>>> print(open('target.txt').read())   # compact mmCIF, N, CA and C atoms
# COMPACT_ATOMS: atom_id res chain seq x y z
N MET P 33 0.82 -1.19 0.00
CA MET P 33 0.00 0.00 0.00
C MET P 33 0.87 1.26 0.00
N TRP P 34 1.91 1.30 0.84
CA TRP P 34 2.81 2.45 0.89
C TRP P 34 3.53 2.65 -0.44
N LYS P 35 3.81 1.54 -1.07
CA LYS P 35 4.51 1.59 -2.35
C LYS P 35 3.68 2.37 -3.37
N TRP P 36 2.39 2.08 -3.47
CA TRP P 36 1.51 2.75 -4.42
C TRP P 36 1.31 4.22 -4.05
N LEU P 37 1.26 4.49 -2.77
CA LEU P 37 1.12 5.87 -2.31
C LEU P 37 2.35 6.70 -2.69
N LEU P 38 3.53 6.14 -2.54
CA LEU P 38 4.76 6.83 -2.93
C LEU P 38 4.84 7.03 -4.44
N ILE P 39 4.44 6.03 -5.19
CA ILE P 39 4.43 6.16 -6.66
C ILE P 39 3.47 7.25 -7.09
N ALA P 40 2.28 7.29 -6.50
CA ALA P 40 1.29 8.31 -6.83
C ALA P 40 1.81 9.70 -6.47
N ALA P 41 2.46 9.82 -5.31
CA ALA P 41 3.02 11.10 -4.90
C ALA P 41 4.13 11.54 -5.85
N ALA P 42 4.97 10.61 -6.27
CA ALA P 42 6.05 10.93 -7.20
C ALA P 42 5.48 11.39 -8.54
N ILE P 43 4.46 10.72 -9.02
CA ILE P 43 3.83 11.10 -10.29
C ILE P 43 3.22 12.49 -10.17
N PHE P 44 2.58 12.77 -9.05
CA PHE P 44 1.96 14.07 -8.83
C PHE P 44 3.02 15.17 -8.82
N VAL P 45 4.14 14.94 -8.13
CA VAL P 45 5.21 15.93 -8.07
C VAL P 45 5.80 16.16 -9.45
N LEU P 46 6.02 15.11 -10.22
CA LEU P 46 6.55 15.26 -11.59
C LEU P 46 5.56 16.04 -12.46
N TYR P 47 4.29 15.73 -12.31
CA TYR P 47 3.27 16.44 -13.08
C TYR P 47 3.29 17.93 -12.77
N LYS P 48 3.35 18.29 -11.49
CA LYS P 48 3.37 19.69 -11.09
C LYS P 48 4.63 20.39 -11.60
N LEU P 49 5.76 19.70 -11.55
CA LEU P 49 7.00 20.30 -12.06
C LEU P 49 6.91 20.57 -13.55
N MET P 50 6.34 19.64 -14.28
CA MET P 50 6.24 19.80 -15.74
C MET P 50 5.26 20.92 -16.10
N THR P 51 4.11 20.99 -15.45
CA THR P 51 3.14 22.03 -15.80
C THR P 51 3.64 23.39 -15.37
N ASN P 52 4.35 23.48 -14.26
CA ASN P 52 4.90 24.76 -13.82
C ASN P 52 5.96 25.24 -14.80
N GLU P 53 6.78 24.33 -15.30
CA GLU P 53 7.81 24.70 -16.28
C GLU P 53 7.16 25.20 -17.56
N ARG P 54 6.10 24.56 -17.99
CA ARG P 54 5.40 24.99 -19.20
C ARG P 54 4.78 26.37 -19.00
N GLY P 55 4.22 26.60 -17.81
CA GLY P 55 3.65 27.90 -17.51
C GLY P 55 4.70 29.00 -17.50
N GLN P 56 5.85 28.69 -16.93
CA GLN P 56 6.94 29.66 -16.92
C GLN P 56 7.43 29.97 -18.33
N LYS P 57 7.47 28.95 -19.16
CA LYS P 57 7.91 29.13 -20.55
C LYS P 57 6.95 30.06 -21.28
N ASN P 58 5.64 29.86 -21.10
CA ASN P 58 4.65 30.72 -21.74
C ASN P 58 4.76 32.16 -21.26
N LYS P 59 5.01 32.34 -19.96
CA LYS P 59 5.17 33.69 -19.42
C LYS P 59 6.41 34.35 -20.01
N ASN P 60 7.51 33.60 -20.12
CA ASN P 60 8.74 34.15 -20.68
C ASN P 60 8.56 34.54 -22.14
N GLU P 61 7.84 33.71 -22.91
CA GLU P 61 7.60 34.03 -24.32
C GLU P 61 6.76 35.29 -24.45
N ALA P 62 5.78 35.45 -23.57
CA ALA P 62 4.94 36.65 -23.60
C ALA P 62 5.77 37.89 -23.27
N LYS P 63 6.68 37.77 -22.29
CA LYS P 63 7.53 38.91 -21.94
C LYS P 63 8.47 39.27 -23.08
N ILE P 64 9.01 38.27 -23.77
CA ILE P 64 9.89 38.52 -24.91
C ILE P 64 9.13 39.23 -26.02
N LYS P 65 7.91 38.79 -26.28
CA LYS P 65 7.09 39.41 -27.32
C LYS P 65 6.79 40.87 -26.95
N GLU P 66 6.47 41.12 -25.67
CA GLU P 66 6.20 42.49 -25.24
C GLU P 66 7.43 43.37 -25.40
N ARG P 67 8.61 42.82 -25.09
CA ARG P 67 9.84 43.60 -25.25
C ARG P 67 10.10 43.92 -26.71
N LYS P 68 9.85 42.95 -27.60
CA LYS P 68 10.07 43.21 -29.02
C LYS P 68 9.13 44.29 -29.53
N ILE P 69 7.87 44.24 -29.09
CA ILE P 69 6.91 45.25 -29.51
C ILE P 69 7.31 46.61 -28.97
N ALA P 70 7.70 46.65 -27.70
CA ALA P 70 8.08 47.92 -27.08
C ALA P 70 9.35 48.50 -27.68
N SER P 71 10.27 47.64 -28.09
CA SER P 71 11.54 48.14 -28.63
C SER P 71 11.42 48.52 -30.10
N GLY P 72 10.28 48.28 -30.71
CA GLY P 72 10.07 48.68 -32.09
C GLY P 72 10.50 47.63 -33.09
N GLU P 73 10.81 46.43 -32.65
CA GLU P 73 11.22 45.38 -33.57
C GLU P 73 10.03 44.72 -34.26
N MET P 74 8.83 44.98 -33.75
CA MET P 74 7.63 44.42 -34.35
C MET P 74 6.67 45.56 -34.68
N VAL P 75 5.92 45.39 -35.76
CA VAL P 75 4.93 46.38 -36.17
C VAL P 75 3.59 45.68 -36.39
N LYS P 76 2.53 46.47 -36.35
CA LYS P 76 1.18 45.92 -36.50
C LYS P 76 0.77 45.95 -37.97
N ASP P 77 0.28 44.82 -38.45
CA ASP P 77 -0.23 44.71 -39.81
C ASP P 77 -1.51 45.55 -39.89
N PRO P 78 -1.61 46.50 -40.86
CA PRO P 78 -2.78 47.37 -40.94
C PRO P 78 -4.06 46.65 -41.37
N VAL P 79 -3.95 45.45 -41.94
CA VAL P 79 -5.14 44.75 -42.42
C VAL P 79 -5.71 43.83 -41.34
N CYS P 80 -4.89 42.89 -40.86
CA CYS P 80 -5.42 41.89 -39.91
C CYS P 80 -5.08 42.19 -38.46
N GLY P 81 -4.13 43.10 -38.21
CA GLY P 81 -3.83 43.50 -36.85
C GLY P 81 -2.80 42.64 -36.12
N THR P 82 -2.22 41.66 -36.79
CA THR P 82 -1.21 40.85 -36.13
C THR P 82 0.11 41.62 -36.09
N TYR P 83 0.94 41.25 -35.14
CA TYR P 83 2.26 41.89 -35.04
C TYR P 83 3.26 41.10 -35.87
N VAL P 84 4.07 41.83 -36.62
CA VAL P 84 5.01 41.24 -37.56
C VAL P 84 6.42 41.71 -37.22
N ASP P 85 7.37 40.82 -37.33
CA ASP P 85 8.76 41.18 -37.16
C ASP P 85 9.17 42.09 -38.31
N VAL P 86 9.83 43.17 -38.00
CA VAL P 86 10.20 44.17 -39.01
C VAL P 86 11.07 43.56 -40.10
N ASP P 87 11.99 42.69 -39.72
CA ASP P 87 12.91 42.13 -40.71
C ASP P 87 12.25 41.16 -41.67
N SER P 88 11.21 40.44 -41.23
CA SER P 88 10.60 39.44 -42.09
C SER P 88 9.26 39.88 -42.68
N SER P 89 8.90 41.14 -42.50
CA SER P 89 7.61 41.61 -43.00
C SER P 89 7.66 41.89 -44.50
N ILE P 90 6.47 41.95 -45.09
CA ILE P 90 6.31 42.28 -46.50
C ILE P 90 5.97 43.76 -46.55
N LYS P 91 6.74 44.53 -47.30
CA LYS P 91 6.63 45.99 -47.25
C LYS P 91 6.03 46.56 -48.53
N VAL P 92 5.26 47.64 -48.35
CA VAL P 92 4.73 48.42 -49.46
C VAL P 92 5.01 49.87 -49.13
N ARG P 93 5.64 50.57 -50.05
CA ARG P 93 5.96 51.99 -49.83
C ARG P 93 4.92 52.83 -50.55
N ASP P 94 4.37 53.80 -49.80
CA ASP P 94 3.41 54.74 -50.36
C ASP P 94 3.93 56.13 -50.03
N GLY P 95 4.70 56.69 -50.93
CA GLY P 95 5.35 57.96 -50.66
C GLY P 95 6.43 57.77 -49.61
N LYS P 96 6.30 58.50 -48.50
CA LYS P 96 7.27 58.35 -47.42
C LYS P 96 6.84 57.28 -46.41
N THR P 97 5.59 56.84 -46.49
CA THR P 97 5.07 55.86 -45.54
C THR P 97 5.36 54.45 -46.03
N VAL P 98 5.81 53.60 -45.12
CA VAL P 98 6.05 52.20 -45.43
C VAL P 98 5.09 51.35 -44.61
N TYR P 99 4.25 50.59 -45.29
CA TYR P 99 3.31 49.68 -44.63
C TYR P 99 3.95 48.30 -44.62
N GLN P 100 3.77 47.58 -43.51
CA GLN P 100 4.36 46.25 -43.38
C GLN P 100 3.27 45.25 -43.08
N PHE P 101 3.35 44.09 -43.77
CA PHE P 101 2.29 43.08 -43.71
C PHE P 101 2.85 41.73 -43.29
N CYS P 102 1.94 40.90 -42.75
CA CYS P 102 2.35 39.56 -42.31
C CYS P 102 2.34 38.57 -43.47
N SER P 103 1.54 38.84 -44.51
CA SER P 103 1.44 37.89 -45.62
C SER P 103 1.12 38.63 -46.91
N TYR P 104 1.27 37.92 -48.02
CA TYR P 104 0.95 38.51 -49.31
C TYR P 104 -0.56 38.72 -49.45
N GLU P 105 -1.36 37.90 -48.78
CA GLU P 105 -2.81 38.07 -48.83
C GLU P 105 -3.22 39.39 -48.20
N CYS P 106 -2.64 39.72 -47.04
CA CYS P 106 -2.94 41.00 -46.39
C CYS P 106 -2.48 42.17 -47.25
N ARG P 107 -1.31 42.03 -47.86
CA ARG P 107 -0.80 43.09 -48.74
C ARG P 107 -1.75 43.30 -49.91
N GLN P 108 -2.23 42.21 -50.51
CA GLN P 108 -3.14 42.30 -51.64
C GLN P 108 -4.46 42.96 -51.25
N LYS P 109 -4.99 42.60 -50.08
CA LYS P 109 -6.23 43.23 -49.60
C LYS P 109 -6.03 44.73 -49.42
N PHE P 110 -4.88 45.11 -48.87
CA PHE P 110 -4.58 46.53 -48.67
C PHE P 110 -4.51 47.26 -50.01
N LEU P 111 -3.83 46.67 -50.98
CA LEU P 111 -3.72 47.30 -52.30
C LEU P 111 -5.08 47.40 -52.98
N GLU P 112 -5.93 46.39 -52.81
CA GLU P 112 -7.28 46.44 -53.38
C GLU P 112 -8.10 47.54 -52.74
N GLU P 113 -7.97 47.72 -51.41
CA GLU P 113 -8.69 48.79 -50.73
C GLU P 113 -8.23 50.15 -51.24
N LEU P 114 -6.92 50.30 -51.47
CA LEU P 114 -6.41 51.56 -52.01
C LEU P 114 -6.98 51.84 -53.39
N SER P 115 -6.98 50.82 -54.25
CA SER P 115 -7.48 51.04 -55.61
C SER P 115 -9.00 51.27 -55.62
N ASN P 116 -9.73 50.64 -54.70
CA ASN P 116 -11.17 50.86 -54.62
C ASN P 116 -11.51 52.25 -54.11
N SER P 117 -10.62 52.84 -53.33
CA SER P 117 -10.86 54.19 -52.81
C SER P 117 -10.50 55.27 -53.83
N GLY P 118 -10.01 54.86 -55.00
CA GLY P 118 -9.72 55.81 -56.06
C GLY P 118 -8.27 56.23 -56.16
N ARG P 119 -7.42 55.71 -55.31
CA ARG P 119 -6.00 56.06 -55.37
C ARG P 119 -5.31 55.22 -56.42
N GLU P 120 -4.37 55.83 -57.08
CA GLU P 120 -3.59 55.08 -58.06
C GLU P 120 -2.37 54.49 -57.37
N ILE P 121 -2.11 53.25 -57.68
CA ILE P 121 -0.96 52.56 -57.12
C ILE P 121 0.11 52.53 -58.19
N PRO P 122 1.29 53.08 -57.90
CA PRO P 122 2.33 53.08 -58.93
C PRO P 122 2.80 51.67 -59.25
N GLN P 123 2.82 51.35 -60.52
CA GLN P 123 3.28 50.04 -60.97
C GLN P 123 4.72 50.16 -61.43
N ILE P 124 5.53 49.19 -61.12
CA ILE P 124 6.93 49.20 -61.52
C ILE P 124 7.03 48.55 -62.90
N SER P 125 7.55 49.30 -63.84
CA SER P 125 7.73 48.73 -65.18
C SER P 125 9.12 48.17 -65.29
N LYS P 126 9.36 47.41 -66.34
CA LYS P 126 10.68 46.80 -66.53
C LYS P 126 11.74 47.88 -66.76
N LYS P 127 11.36 49.01 -67.35
CA LYS P 127 12.32 50.09 -67.57
C LYS P 127 12.78 50.68 -66.24
N ASP P 128 11.86 50.74 -65.25
CA ASP P 128 12.23 51.27 -63.94
C ASP P 128 13.19 50.35 -63.21
N ASP P 129 13.09 49.03 -63.45
CA ASP P 129 13.95 48.07 -62.80
C ASP P 129 15.39 48.14 -63.32
N GLU P 130 15.57 48.54 -64.56
CA GLU P 130 16.89 48.50 -65.18
C GLU P 130 17.73 49.68 -64.81
>>> encode(input="target.txt", output="structure tokens")
Amino acid sequence: MWKWLLIAAAIFVLYKLMTNERGQKNKNEAKIKERKIASGEMVKDPVCGTYVDVDSSIKVRDGKTVYQFCSYECRQKFLEELSNSGREIPQISKKDDE
């Protein structure tokens, strides 16, 4: 009987240690994300509202303003909204690339 009680207690202690470690990991990840946002390393996607890493974002320049997106789908939605509002979007021709 004592043997089973000790095994159950050991399992319970291991379970608590594992769940506490997982909880600490989630808290640490949240703190890291908050620091990145606060330090300006992440920006908010204007279409879907998710935060995007500045280095890996998809960018669209509109004059002096640079919009950054999490995906090509969000970028396309943004460009469609601009064209539907009557604004012209400059297209890059092959002559401009050369």
>>> atom_distance(input="target.txt", atom1="atom N of Met50 of chain P", atom2="atom C of Glu66 of chain P")
26.2 Å
>>> select_by_dssp(input="target.txt", residues="chain P", states="strand (DSSP E)", output="list in words")
Met74, Val75, Lys76, Tyr83, Val84, Asp85, Ile90, Lys91, Val92, Arg93, Asp94, Thr97, Val98, Tyr99, Gln100 and Phe101 of chain P
>>> atom_distance(input="target.txt", atom1="atom CA of Cys102 of chain P", atom2="atom CA of Ile90 of chain P")
6.4 Å
>>> select_by_dssp(input="target.txt", residues="chain P", states="alpha helix (DSSP H)", output="number ranges by chain")
P: 34-71, 104-116, 126-129
>>> residues_near_point(input="target.txt", point="(10.4, 44.7, -39.6)", cutoff="12 Å", atoms="only C-alpha atoms", output="list in words")
Lys68, Ile69, Ser71, Gly72, Glu73, Met74, Val75, Lys76, Asp77, Tyr83, Val84, Asp85, Val86, Asp87, Ser88, Ser89, Ile90, Lys91, Val92, Val98, Tyr99, Gln100, Phe101 and Cys102 of chain P
>>> write_last_selection(input="target.txt", atoms="N, CA and C atoms", output="PDB file, in the frame of the given file")
ATOM      1  N   LYS P  68       9.850  42.950 -27.600  1.00  0.00           N
ATOM      2  CA  LYS P  68      10.070  43.210 -29.020  1.00  0.00           C
ATOM      3  C   LYS P  68       9.130  44.290 -29.530  1.00  0.00           C
ATOM      4  N   ILE P  69       7.870  44.240 -29.090  1.00  0.00           N
ATOM      5  CA  ILE P  69       6.910  45.250 -29.510  1.00  0.00           C
ATOM      6  C   ILE P  69       7.310  46.610 -28.970  1.00  0.00           C
ATOM      7  N   SER P  71      10.270  47.640 -28.090  1.00  0.00           N
ATOM      8  CA  SER P  71      11.540  48.140 -28.630  1.00  0.00           C
ATOM      9  C   SER P  71      11.420  48.520 -30.100  1.00  0.00           C
ATOM     10  N   GLY P  72      10.280  48.280 -30.710  1.00  0.00           N
ATOM     11  CA  GLY P  72      10.070  48.680 -32.090  1.00  0.00           C
ATOM     12  C   GLY P  72      10.500  47.630 -33.090  1.00  0.00           C
ATOM     13  N   GLU P  73      10.810  46.430 -32.650  1.00  0.00           N
ATOM     14  CA  GLU P  73      11.220  45.380 -33.570  1.00  0.00           C
ATOM     15  C   GLU P  73      10.030  44.720 -34.260  1.00  0.00           C
ATOM     16  N   MET P  74       8.830  44.980 -33.750  1.00  0.00           N
ATOM     17  CA  MET P  74       7.630  44.420 -34.350  1.00  0.00           C
ATOM     18  C   MET P  74       6.670  45.560 -34.680  1.00  0.00           C
ATOM     19  N   VAL P  75       5.920  45.390 -35.760  1.00  0.00           N
ATOM     20  CA  VAL P  75       4.930  46.380 -36.170  1.00  0.00           C
ATOM     21  C   VAL P  75       3.590  45.680 -36.390  1.00  0.00           C
ATOM     22  N   LYS P  76       2.530  46.470 -36.350  1.00  0.00           N
ATOM     23  CA  LYS P  76       1.180  45.920 -36.500  1.00  0.00           C
ATOM     24  C   LYS P  76       0.770  45.950 -37.970  1.00  0.00           C
ATOM     25  N   ASP P  77       0.280  44.820 -38.450  1.00  0.00           N
ATOM     26  CA  ASP P  77      -0.230  44.710 -39.810  1.00  0.00           C
ATOM     27  C   ASP P  77      -1.510  45.550 -39.890  1.00  0.00           C
ATOM     28  N   TYR P  83       0.940  41.250 -35.140  1.00  0.00           N
ATOM     29  CA  TYR P  83       2.260  41.890 -35.040  1.00  0.00           C
ATOM     30  C   TYR P  83       3.260  41.100 -35.870  1.00  0.00           C
ATOM     31  N   VAL P  84       4.070  41.830 -36.620  1.00  0.00           N
ATOM     32  CA  VAL P  84       5.010  41.240 -37.560  1.00  0.00           C
ATOM     33  C   VAL P  84       6.420  41.710 -37.220  1.00  0.00           C
ATOM     34  N   ASP P  85       7.370  40.820 -37.330  1.00  0.00           N
ATOM     35  CA  ASP P  85       8.760  41.180 -37.160  1.00  0.00           C
ATOM     36  C   ASP P  85       9.170  42.090 -38.310  1.00  0.00           C
ATOM     37  N   VAL P  86       9.830  43.170 -38.000  1.00  0.00           N
ATOM     38  CA  VAL P  86      10.200  44.170 -39.010  1.00  0.00           C
ATOM     39  C   VAL P  86      11.070  43.560 -40.100  1.00  0.00           C
ATOM     40  N   ASP P  87      11.990  42.690 -39.720  1.00  0.00           N
ATOM     41  CA  ASP P  87      12.910  42.130 -40.710  1.00  0.00           C
ATOM     42  C   ASP P  87      12.250  41.160 -41.670  1.00  0.00           C
ATOM     43  N   SER P  88      11.210  40.440 -41.230  1.00  0.00           N
ATOM     44  CA  SER P  88      10.600  39.440 -42.090  1.00  0.00           C
ATOM     45  C   SER P  88       9.260  39.880 -42.680  1.00  0.00           C
ATOM     46  N   SER P  89       8.900  41.140 -42.500  1.00  0.00           N
ATOM     47  CA  SER P  89       7.610  41.610 -43.000  1.00  0.00           C
ATOM     48  C   SER P  89       7.660  41.890 -44.500  1.00  0.00           C
ATOM     49  N   ILE P  90       6.470  41.950 -45.090  1.00  0.00           N
ATOM     50  CA  ILE P  90       6.310  42.280 -46.500  1.00  0.00           C
ATOM     51  C   ILE P  90       5.970  43.760 -46.550  1.00  0.00           C
ATOM     52  N   LYS P  91       6.740  44.530 -47.300  1.00  0.00           N
ATOM     53  CA  LYS P  91       6.630  45.990 -47.250  1.00  0.00           C
ATOM     54  C   LYS P  91       6.030  46.560 -48.530  1.00  0.00           C
ATOM     55  N   VAL P  92       5.260  47.640 -48.350  1.00  0.00           N
ATOM     56  CA  VAL P  92       4.730  48.420 -49.460  1.00  0.00           C
ATOM     57  C   VAL P  92       5.010  49.870 -49.130  1.00  0.00           C
ATOM     58  N   VAL P  98       5.810  53.600 -45.120  1.00  0.00           N
ATOM     59  CA  VAL P  98       6.050  52.200 -45.430  1.00  0.00           C
ATOM     60  C   VAL P  98       5.090  51.350 -44.610  1.00  0.00           C
ATOM     61  N   TYR P  99       4.250  50.590 -45.290  1.00  0.00           N
ATOM     62  CA  TYR P  99       3.310  49.680 -44.630  1.00  0.00           C
ATOM     63  C   TYR P  99       3.950  48.300 -44.620  1.00  0.00           C
ATOM     64  N   GLN P 100       3.770  47.580 -43.510  1.00  0.00           N
ATOM     65  CA  GLN P 100       4.360  46.250 -43.380  1.00  0.00           C
ATOM     66  C   GLN P 100       3.270  45.250 -43.080  1.00  0.00           C
ATOM     67  N   PHE P 101       3.350  44.090 -43.770  1.00  0.00           N
ATOM     68  CA  PHE P 101       2.290  43.080 -43.710  1.00  0.00           C
ATOM     69  C   PHE P 101       2.850  41.730 -43.290  1.00  0.00           C
ATOM     70  N   CYS P 102       1.940  40.900 -42.750  1.00  0.00           N
ATOM     71  CA  CYS P 102       2.350  39.560 -42.310  1.00  0.00           C
ATOM     72  C   CYS P 102       2.340  38.570 -43.470  1.00  0.00           C
TER      73      CYS P 102
END
